Each structure stands twice: as structure tokens, then as C-alpha cells.
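Listing of final-v3.json, JSON, C-alpha atoms
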```json
[["chain", "number", "residue", "atom", "x", "y", "z"],
["O", 1, "MET", "CA", 0.00, 0.00, 0.00],
["O", 2, "ILE", "CA", 1.38, 3.37, -0.94],
["O", 3, "LYS", "CA", 1.05, 6.05, 1.64],
["O", 4, "THR", "CA", 1.29, 9.67, 0.77],
["O", 5, "MET", "CA", 2.18, 12.51, 3.04],
["O", 6, "THR", "CA", -0.92, 14.36, 4.07],
["O", 7, "ALA", "CA", 0.48, 16.35, 6.96],
["O", 8, "GLN", "CA", 0.93, 19.99, 6.23],
["O", 9, "GLU", "CA", 2.59, 22.67, 8.25],
["O", 10, "LYS", "CA", 0.77, 25.94, 8.41],
["O", 11, "GLU", "CA", 3.61, 27.75, 6.75],
["O", 12, "LEU", "CA", 3.26, 31.30, 5.56],
["O", 13, "MET", "CA", 4.86, 31.90, 2.16],
["O", 14, "MET", "CA", 5.67, 35.39, 0.95],
["O", 15, "TYR", "CA", 6.01, 36.09, -2.75],
["O", 16, "VAL", "CA", 8.19, 38.91, -4.02],
["O", 17, "ALA", "CA", 8.80, 39.85, -7.66],
["O", 18, "GLU", "CA", 11.18, 42.61, -8.64],
["O", 19, "ASP", "CA", 9.31, 43.54, -11.81],
["O", 20, "ALA", "CA", 6.93, 42.27, -14.46],
["O", 21, "THR", "CA", 9.61, 40.64, -16.61],
["O", 22, "TYR", "CA", 9.90, 37.65, -14.27],
["O", 23, "ALA", "CA", 13.45, 37.09, -15.40],
["O", 24, "THR", "CA", 15.57, 34.44, -13.72],
["O", 25, "GLY", "CA", 16.38, 35.46, -10.18],
["O", 26, "ASN", "CA", 13.80, 38.22, -10.09],
["O", 27, "GLN", "CA", 11.19, 36.31, -8.14],
["O", 28, "ALA", "CA", 11.35, 34.37, -4.91],
["O", 29, "ILE", "CA", 9.20, 32.94, -2.19],
["O", 30, "PHE", "CA", 10.28, 33.41, 1.39],
["O", 31, "LYS", "CA", 9.07, 31.33, 4.34],
["O", 32, "ALA", "CA", 7.99, 33.21, 7.43],
["O", 33, "SER", "CA", 9.65, 30.55, 9.59],
["O", 34, "ASP", "CA", 13.00, 31.43, 7.99],
["O", 35, "PHE", "CA", 12.70, 35.09, 8.97],
["O", 36, "VAL", "CA", 15.71, 36.43, 10.85],
["O", 37, "GLY", "CA", 15.00, 40.14, 11.15],
["O", 38, "ALA", "CA", 14.42, 43.43, 9.38],
["O", 39, "THR", "CA", 16.32, 46.69, 9.62],
["O", 40, "CYS", "CA", 16.73, 50.02, 7.83],
["O", 41, "VAL", "CA", 19.09, 50.33, 4.89],
["O", 42, "ASP", "CA", 18.61, 54.04, 4.28],
["O", 43, "SER", "CA", 15.75, 56.54, 4.42],
["O", 44, "THR", "CA", 13.71, 54.76, 1.75],
["O", 45, "ASN", "CA", 14.75, 51.10, 2.02],
["O", 46, "THR", "CA", 14.05, 48.34, 4.53],
["O", 47, "ILE", "CA", 15.72, 44.94, 4.26],
["O", 48, "PHE", "CA", 14.11, 41.65, 5.39],
["O", 49, "ARG", "CA", 16.57, 38.82, 6.03],
["O", 50, "PHE", "CA", 15.84, 35.08, 5.90],
["O", 51, "TYR", "CA", 17.78, 31.91, 6.36],
["O", 52, "PRO", "CA", 18.80, 30.69, 2.91],
["O", 53, "GLN", "CA", 16.50, 28.34, 1.04],
["O", 54, "ASP", "CA", 19.07, 26.03, -0.43],
["O", 55, "VAL", "CA", 21.88, 25.62, 2.10],
["O", 56, "SER", "CA", 22.14, 24.68, 5.75],
["O", 57, "ARG", "CA", 21.09, 27.33, 8.21],
["O", 58, "MET", "CA", 23.89, 26.19, 10.45],
["O", 59, "GLY", "CA", 26.42, 28.13, 8.40],
["O", 60, "ILE", "CA", 28.99, 25.35, 8.44],
["O", 61, "GLY", "CA", 32.36, 26.89, 7.77],
["O", 62, "GLY", "CA", 31.06, 30.36, 8.53],
["O", 63, "ASP", "CA", 27.94, 32.40, 8.96],
["O", 64, "PRO", "CA", 25.14, 31.66, 6.50],
["O", 65, "ALA", "CA", 24.57, 34.15, 3.73],
["O", 66, "PHE", "CA", 20.99, 35.31, 4.06],
["O", 67, "ASP", "CA", 18.33, 35.43, 1.43],
["O", 68, "THR", "CA", 16.85, 38.90, 1.49],
["O", 69, "PHE", "CA", 14.29, 41.15, -0.04],
["O", 70, "THR", "CA", 14.52, 44.91, 0.20],
["O", 71, "LEU", "CA", 11.48, 47.11, -0.17],
["O", 72, "THR", "CA", 11.90, 50.66, -1.48],
["O", 73, "HIS", "CA", 9.18, 52.77, 0.09],
["O", 74, "THR", "CA", 7.97, 56.21, 0.99],
["O", 75, "GLU", "CA", 10.67, 58.14, 2.83],
["O", 76, "ASP", "CA", 10.92, 57.38, 6.57],
["O", 77, "ALA", "CA", 8.12, 54.77, 6.46],
["O", 78, "HIS", "CA", 10.21, 51.92, 7.86],
["O", 79, "ILE", "CA", 8.00, 51.29, 10.88],
["O", 80, "GLU", "CA", 4.80, 51.21, 8.84],
["O", 81, "VAL", "CA", 6.35, 48.82, 6.31],
["O", 82, "MET", "CA", 7.66, 46.55, 9.07],
["O", 83, "LYS", "CA", 4.26, 46.48, 10.77],
["O", 84, "ALA", "CA", 2.47, 45.53, 7.54],
["O", 85, "VAL", "CA", 4.88, 42.71, 6.79],
["O", 86, "ALA", "CA", 4.79, 41.50, 10.41],
["O", 87, "SER", "CA", 0.99, 41.33, 10.31],
["O", 88, "ALA", "CA", 1.13, 39.31, 7.10],
["O", 89, "MET", "CA", 3.79, 36.94, 8.43],
["O", 90, "SER", "CA", 2.01, 36.26, 11.69],
["O", 91, "ASN", "CA", -1.07, 34.59, 10.23],
["O", 92, "PRO", "CA", -1.28, 31.37, 12.28],
["O", 93, "HIS", "CA", -3.17, 29.60, 9.49],
["O", 94, "GLY", "CA", -0.28, 30.01, 7.07],
["O", 95, "GLY", "CA", -0.95, 30.64, 3.42],
["O", 96, "PHE", "CA", 0.39, 32.71, 0.58],
["O", 97, "VAL", "CA", 0.93, 36.47, 0.68],
["O", 98, "VAL", "CA", 2.01, 38.67, -2.19],
["O", 99, "ILE", "CA", 4.42, 41.18, -0.71],
["O", 100, "GLN", "CA", 5.12, 42.76, -4.08],
["O", 101, "ASP", "CA", 4.42, 41.78, -7.65],
["O", 102, "ASP", "CA", 4.52, 43.30, -11.12],
["O", 103, "LEU", "CA", 5.40, 46.95, -10.43],
["O", 104, "GLY", "CA", 4.80, 47.59, -14.10],
["O", 105, "THR", "CA", 4.29, 51.15, -15.28],
["O", 106, "ALA", "CA", 2.10, 50.42, -18.29],
["O", 107, "TYR", "CA", -0.73, 47.98, -18.94],
["O", 108, "SER", "CA", 0.10, 45.32, -21.53],
["O", 109, "SER", "CA", -2.75, 43.79, -23.46],
["O", 110, "ASP", "CA", -0.82, 40.53, -23.75],
["O", 111, "GLY", "CA", -1.10, 40.14, -19.99],
["O", 112, "SER", "CA", 2.59, 40.57, -19.28],
["O", 113, "SER", "CA", 1.94, 43.50, -16.97],
["O", 114, "SER", "CA", -1.05, 44.97, -15.25],
["O", 115, "GLY", "CA", 0.68, 48.32, -15.24],
["O", 116, "ALA", "CA", 0.55, 48.63, -11.48],
["O", 117, "ALA", "CA", 2.13, 47.35, -8.33],
["O", 118, "MET", "CA", 0.27, 44.41, -6.87],
["O", 119, "THR", "CA", 0.40, 43.52, -3.22],
["O", 120, "ASP", "CA", -1.70, 41.91, -0.51],
["O", 121, "LEU", "CA", -0.38, 44.39, 2.03],
["O", 122, "ARG", "CA", -2.06, 47.56, 3.19],
["O", 123, "TYR", "CA", 0.39, 50.06, 4.57],
["O", 124, "ALA", "CA", -0.80, 52.42, 7.26],
["O", 125, "LYS", "CA", -0.04, 56.10, 6.89],
["O", 126, "ILE", "CA", 3.01, 57.43, 8.71],
["O", 127, "ALA", "CA", 1.57, 58.00, 12.17],
["O", 128, "SER", "CA", 3.30, 61.30, 12.92],
["O", 129, "THR", "CA", 2.52, 63.03, 9.61],
["O", 130, "GLY", "CA", -0.38, 61.21, 7.98],
["O", 131, "THR", "CA", 1.69, 60.68, 4.83],
["O", 132, "ALA", "CA", 0.44, 57.79, 2.70],
["O", 133, "VAL", "CA", 2.90, 54.91, 2.37],
["O", 134, "ALA", "CA", 3.64, 52.99, -0.81],
["O", 135, "VAL", "CA", 6.29, 50.56, -2.00],
["O", 136, "THR", "CA", 7.84, 51.47, -5.33],
["O", 137, "ALA", "CA", 10.45, 48.76, -5.82],
["O", 138, "ALA", "CA", 11.55, 45.40, -4.52],
["O", 139, "THR", "CA", 15.01, 43.86, -4.70],
["O", 140, "ILE", "CA", 15.71, 40.19, -4.11],
["O", 141, "THR", "CA", 19.01, 38.65, -3.14],
["O", 142, "THR", "CA", 19.09, 34.91, -2.72],
["O", 143, "VAL", "CA", 22.00, 32.61, -2.20],
["O", 144, "ASP", "CA", 21.04, 30.60, -5.21],
["O", 145, "ALA", "CA", 20.38, 33.51, -7.57],
["E", 146, "MET", "CA", 4.96, 33.57, 15.37],
["E", 147, "LYS", "CA", 4.63, 37.17, 16.46],
["E", 148, "TYR", "CA", 7.17, 39.91, 15.92],
["E", 149, "LEU", "CA", 8.72, 42.67, 17.99],
["E", 150, "ILE", "CA", 9.65, 46.17, 16.82],
["E", 151, "VAL", "CA", 11.93, 48.80, 18.33],
["E", 152, "ASN", "CA", 12.81, 52.26, 17.05],
["E", 153, "ASP", "CA", 15.35, 54.50, 18.79],
["E", 154, "GLN", "CA", 14.91, 57.56, 16.58],
["E", 155, "ALA", "CA", 12.74, 60.41, 17.86],
["E", 156, "THR", "CA", 12.78, 62.49, 14.68],
["E", 157, "LEU", "CA", 11.12, 61.31, 11.48],
["E", 158, "THR", "CA", 13.75, 62.82, 9.20],
["E", 159, "SER", "CA", 16.53, 61.11, 11.14],
["E", 160, "MET", "CA", 15.25, 57.65, 10.33],
["E", 161, "GLY", "CA", 16.84, 55.28, 7.88],
["E", 162, "ALA", "CA", 20.33, 54.50, 9.15],
["E", 163, "VAL", "CA", 21.57, 51.25, 10.63],
["E", 164, "ASP", "CA", 21.15, 50.64, 14.36],
["E", 165, "GLN", "CA", 17.84, 52.47, 14.54],
["E", 166, "THR", "CA", 14.72, 50.52, 13.66],
["E", 167, "PHE", "CA", 14.48, 46.77, 14.02],
["E", 168, "MET", "CA", 11.91, 44.01, 13.67],
["E", 169, "PHE", "CA", 12.58, 40.46, 14.86],
["E", 170, "PRO", "CA", 10.70, 37.25, 15.73],
["E", 171, "GLN", "CA", 9.79, 36.50, 19.33],
["E", 172, "ASN", "CA", 11.87, 33.33, 19.30],
["E", 173, "ARG", "CA", 15.17, 35.12, 18.64],
["E", 174, "VAL", "CA", 15.33, 36.63, 22.11],
["E", 175, "LEU", "CA", 18.43, 35.30, 23.87],
["E", 176, "GLY", "CA", 18.08, 36.87, 27.29],
["E", 177, "MET", "CA", 18.15, 39.92, 29.48],
["E", 178, "GLU", "CA", 20.81, 41.24, 31.81],
["E", 179, "SER", "CA", 21.35, 44.18, 34.06],
["E", 180, "LEU", "CA", 23.93, 46.54, 32.61],
["E", 181, "THR", "CA", 23.99, 49.46, 35.04],
["E", 182, "ASP", "CA", 21.75, 50.90, 37.74],
["E", 183, "THR", "CA", 19.75, 52.63, 35.00],
["E", 184, "THR", "CA", 20.02, 50.30, 31.98],
["E", 185, "THR", "CA", 18.98, 46.75, 31.12],
["E", 186, "HIS", "CA", 20.03, 44.75, 28.06],
["E", 187, "LEU", "CA", 17.69, 42.71, 25.89],
["E", 188, "LEU", "CA", 19.86, 40.44, 23.76],
["E", 189, "ILE", "CA", 18.68, 39.14, 20.38],
["E", 190, "GLN", "CA", 20.34, 36.59, 18.13],
["E", 191, "GLY", "CA", 22.19, 38.62, 15.50],
["E", 192, "THR", "CA", 20.16, 39.70, 12.51],
["E", 193, "ASN", "CA", 23.18, 40.01, 10.28],
["E", 194, "ASP", "CA", 25.53, 37.67, 12.13],
["E", 195, "VAL", "CA", 23.78, 34.73, 13.78],
["E", 196, "ASP", "CA", 26.64, 33.82, 16.09],
["E", 197, "ASP", "CA", 26.70, 37.32, 17.57],
["E", 198, "GLU", "CA", 23.95, 39.26, 19.27],
["E", 199, "ASP", "CA", 22.00, 42.42, 18.57],
["E", 200, "THR", "CA", 21.61, 44.59, 21.62],
["E", 201, "ILE", "CA", 18.63, 46.57, 22.80],
["E", 202, "VAL", "CA", 19.30, 48.86, 25.75],
["E", 203, "LEU", "CA", 16.30, 49.87, 27.81],
["E", 204, "VAL", "CA", 16.78, 52.82, 30.14],
["E", 205, "HIS", "CA", 14.96, 52.93, 33.48],
["E", 206, "ALA", "CA", 14.97, 54.84, 36.75],
["E", 207, "ASP", "CA", 17.88, 54.35, 39.14],
["E", 208, "LYS", "CA", 17.43, 50.98, 40.84],
["E", 209, "SER", "CA", 19.94, 51.94, 43.53],
["E", 210, "ALA", "CA", 17.52, 54.57, 44.81],
["E", 211, "ALA", "CA", 15.12, 53.36, 47.46],
["E", 212, "ALA", "CA", 12.11, 54.89, 45.78],
["E", 213, "THR", "CA", 12.75, 53.04, 42.51],
["E", 214, "HIS", "CA", 14.52, 49.97, 43.81],
["E", 215, "LYS", "CA", 12.15, 47.56, 42.01],
["E", 216, "VAL", "CA", 12.06, 49.36, 38.68],
["E", 217, "GLU", "CA", 14.35, 46.99, 36.79],
["E", 218, "ARG", "CA", 12.54, 43.93, 38.13],
["E", 219, "ASN", "CA", 9.26, 45.43, 36.97],
["E", 220, "LEU", "CA", 10.75, 46.34, 33.59],
["E", 221, "ILE", "CA", 11.82, 42.72, 33.10],
["E", 222, "ASP", "CA", 8.20, 41.71, 33.74],
["E", 223, "ASP", "CA", 7.14, 44.29, 31.13],
["E", 224, "MET", "CA", 9.58, 42.84, 28.60],
["E", 225, "VAL", "CA", 8.49, 39.26, 29.21],
["E", 226, "SER", "CA", 4.86, 40.27, 28.78],
["E", 227, "ALA", "CA", 5.63, 42.05, 25.52],
["E", 228, "ILE", "CA", 7.76, 39.21, 24.16],
["E", 229, "ASN", "CA", 5.07, 36.65, 24.95],
["E", 230, "ASN", "CA", 2.23, 38.86, 23.78],
["E", 231, "ASP", "CA", -0.02, 36.97, 21.38],
["E", 232, "SER", "CA", -0.95, 40.19, 19.61],
["E", 233, "ARG", "CA", -3.79, 40.05, 17.11],
["E", 234, "LEU", "CA", -1.89, 42.62, 15.07],
["E", 235, "GLY", "CA", 1.00, 40.18, 14.67],
["E", 236, "PHE", "CA", 3.53, 42.52, 16.23],
["E", 237, "THR", "CA", 4.28, 44.30, 19.49],
["E", 238, "VAL", "CA", 6.20, 47.56, 19.65],
["E", 239, "LEU", "CA", 8.63, 47.34, 22.57],
["E", 240, "PHE", "CA", 9.47, 51.00, 22.26],
["E", 241, "ASP", "CA", 9.30, 53.69, 19.60],
["E", 242, "LEU", "CA", 10.77, 57.10, 20.32],
["E", 243, "LEU", "CA", 9.15, 58.64, 17.24],
["E", 244, "ASN", "CA", 5.62, 57.69, 18.29],
["E", 245, "ASN", "CA", 6.20, 57.85, 22.05],
["E", 246, "VAL", "CA", 5.59, 54.16, 22.70],
["E", 247, "LYS", "CA", 7.36, 52.51, 25.63],
["E", 248, "LEU", "CA", 7.10, 49.82, 28.26],
["E", 249, "PRO", "CA", 5.47, 50.97, 31.51],
["E", 250, "ASN", "CA", 8.65, 50.95, 33.59],
["E", 251, "GLN", "CA", 10.98, 52.16, 30.85],
["E", 252, "THR", "CA", 12.48, 55.60, 30.33],
["E", 253, "LEU", "CA", 12.14, 56.25, 26.64],
["E", 254, "ALA", "CA", 14.98, 58.73, 26.13],
["E", 255, "SER", "CA", 18.34, 57.13, 25.28],
["E", 256, "SER", "CA", 16.93, 53.62, 24.86],
["E", 257, "THR", "CA", 18.78, 52.18, 21.88],
["E", 258, "PHE", "CA", 19.15, 49.36, 19.39],
["E", 259, "THR", "CA", 22.55, 48.25, 18.10],
["E", 260, "GLU", "CA", 23.08, 45.64, 15.39],
["E", 261, "ASP", "CA", 26.22, 43.50, 15.54]]
```

In C-alpha cells, what does this structure look like?
Amino acid sequence: MIKTMTAQEKELMMYVAEDATYATGNQAIFKASDFVGATCVDSTNTIFRFYPQDVSRMGIGGDPAFDTFTLTHTEDAHIEVMKAVASAMSNPHGGFVVIQDDLGTAYSSDGSSSGAAMTDLRYAKIASTGTAVAVTAATITTVDA
Amino acid sequence: MKYLIVNDQATLTSMGAVDQTFMFPQNRVLGMESLTDTTTHLLIQGTNDVDDEDTIVLVHADKSAAATHKVERNLIDDMVSAINNDSRLGFTVLFDLLNNVKLPNQTLASSTFTED
């Protein structure tokens, strides 16, 4: 009798695409359980670090090189961006969240781009100023890319 | 998994450098230790170097003074509550100088985050 695995962890997967071209290395899925931390890069960028997908997290022979995605956002909106991503990652039921996709600037009738940034996240306004927050670019760095 | 956020910048236009704003999972907390009579460390497994630690310094009233002798002990209780908080939002802000968020027994000014 053949048995198949039916157990399923309630893992939360986050999808990030750098642009609408979907070129090799421009898309990745990050597991919430691999999340290490997030910090500022500069006034408009926040980096999210993850244990690498394709090598040991033990960093044998040295520290592991992290997989990362960096979101380029409204100036000084780091806290709001972190909160939105944290809320998405904390879903105890797991699932699939689009952090950023497409980012195209023009609609293509062949379906290659919707001409807009797509995301499942809703960023709150900067609390101290009421400035709306948006993400304008995403950059992926993975060990395997 | 829930997440914790700290921000040690009080001015919006000063944000964006390293060692300022930090988000990390609850399970990366390594421990707490008394540093001085007015500061307590919260140690986190390194975000950029996993065999080192990131350091959050929480300032509090002088525990050597009789009137505030228990302040660090109470602050540790505050931290444990925040770390274990099963927040529906998915995150808990430990402290945020910009938006004046702090733990009950913490002194917000000069509380810091340093990434190793």
C-alpha cells in the first residue's frame, strides 16, 4: 500500500517579484519561519533577512549568507512597512501572501503586466505626519540567484 | 509567530540608518541582563551575524535609589509580557521614540538598538 504525506505545516509563504519581466532570479518565495530580522538600509529602504532556502542554516564553515528582499518605500516609512509585513507573516493559518508583484508602469494587453504594483499588504499612513505609504520597488538577493 | 519592533529615533527625518529601527521574531530573544543601575540589556540573536547578538538597551529609573529599587525587576516583567504577547496585530512595539511608545517601567529617552 502506498502512503502519501498528508500532513501539512501551516507555513506562511511570501512572494516577491522585482518587476513584471519575471526574469531568472527576479522572483522568490520566502518562508515566514526562515525570517531572521528586518532593519533600515537608508531613508527609503528596509531589508528583510531570511535563512537561505538552499543551504544549511547552520552556516557550516562560517555564517550563513541570508536570502533577502529589500522594499523601497515612501521616505521614513520603515516602521509602517515593518508592521504591515509582520501582520502578514504572523497569520497562524499560514498561506500565501504577495508582498510585491509586477510593479509595471504600463498595462500590456498581452497580460505581461497589469501596469501597477500588486500587493496583498495595506500600509498604514506614517503616524506622525499622515503621509500615505507605498512601496515602489523590490530587490531580491538569494544565495542561489 | 509574532514579531517585535523597536525604534530608537525620535525624529522622522533622522530615520533610515543602521542601528535604529528593528523588527525580529519573538523566538530570537536570547536573554536579558542588568547593565547598570539605570540600563537593562535585551539580547537578540544577530540579525546580520547569527553567532553574535544584537543589543537593545532599555533605560529605566535608578534601581539603587530606594524609591525606585524595584524598577528593573518590573521592567523585566514588562519585557516578558511584551515578548510573549499573542498580539492580534501580529507585532508588538517594545518602544518607539518617534511615536512615544514605551514599556510601563521604561524611560524612553536614550533607549537604543545596536546591530552587531

* Pull out every residue of chain E that has at least one atom within 12 Å of chain O, counting all atoms listed in the file, and report them as a ChimeraX atom specification. => /E:146-174,189-197,199,231-238,240-246,258-261

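Across the structure, atom CA of O:His93 and atom CA of E:Ile228 are spaced 20.7 Å apart.
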
Quick one: residues within 10 Å of O:Phe69, only C-alpha atoms counted, chain neighbours fewer than 6 positions away excluded, as an mmCIF file with C-alpha atoms, in the frame of the given file?
```cif
data_model
loop_
_atom_site.group_PDB
_atom_site.id
_atom_site.type_symbol
_atom_site.label_atom_id
_atom_site.label_comp_id
_atom_site.auth_asym_id
_atom_site.auth_seq_id
_atom_site.Cartn_x
_atom_site.Cartn_y
_atom_site.Cartn_z
ATOM 1 C CA VAL O 16 8.190 38.910 -4.020
ATOM 2 C CA ALA O 17 8.800 39.850 -7.660
ATOM 3 C CA GLU O 18 11.180 42.610 -8.640
ATOM 4 C CA GLN O 27 11.190 36.310 -8.140
ATOM 5 C CA ALA O 28 11.350 34.370 -4.910
ATOM 6 C CA ILE O 29 9.200 32.940 -2.190
ATOM 7 C CA PHE O 30 10.280 33.410 1.390
ATOM 8 C CA ALA O 38 14.420 43.430 9.380
ATOM 9 C CA THR O 46 14.050 48.340 4.530
ATOM 10 C CA ILE O 47 15.720 44.940 4.260
ATOM 11 C CA PHE O 48 14.110 41.650 5.390
ATOM 12 C CA ARG O 49 16.570 38.820 6.030
ATOM 13 C CA PHE O 50 15.840 35.080 5.900
ATOM 14 C CA ILE O 99 4.420 41.180 -0.710
ATOM 15 C CA ALA O 138 11.550 45.400 -4.520
ATOM 16 C CA THR O 139 15.010 43.860 -4.700
ATOM 17 C CA ILE O 140 15.710 40.190 -4.110
ATOM 18 C CA THR O 141 19.010 38.650 -3.140
ATOM 19 C CA THR O 142 19.090 34.910 -2.720
#
```

* **Straight-line distance linking atom CA of E:Arg218 with atom CA of E:Asn250, stated in Å to one decimal** => 9.2 Å

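Distance check against O:Glu11 using all atoms listed in the file: of O:Leu103, O:Ala117, O:Val135, O:Val97, the minimum falls on O:Val97.
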
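Taking atom CA of E:Ala227 and atom CA of E:Gln251 as the two end points, the separation is 12.6 Å.
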
* Could you tell me which of O:Leu71, O:Ala134, O:Ala124, O:Gly94 comes closest to O:Met13 if we count all atoms listed in the file? => O:Gly94
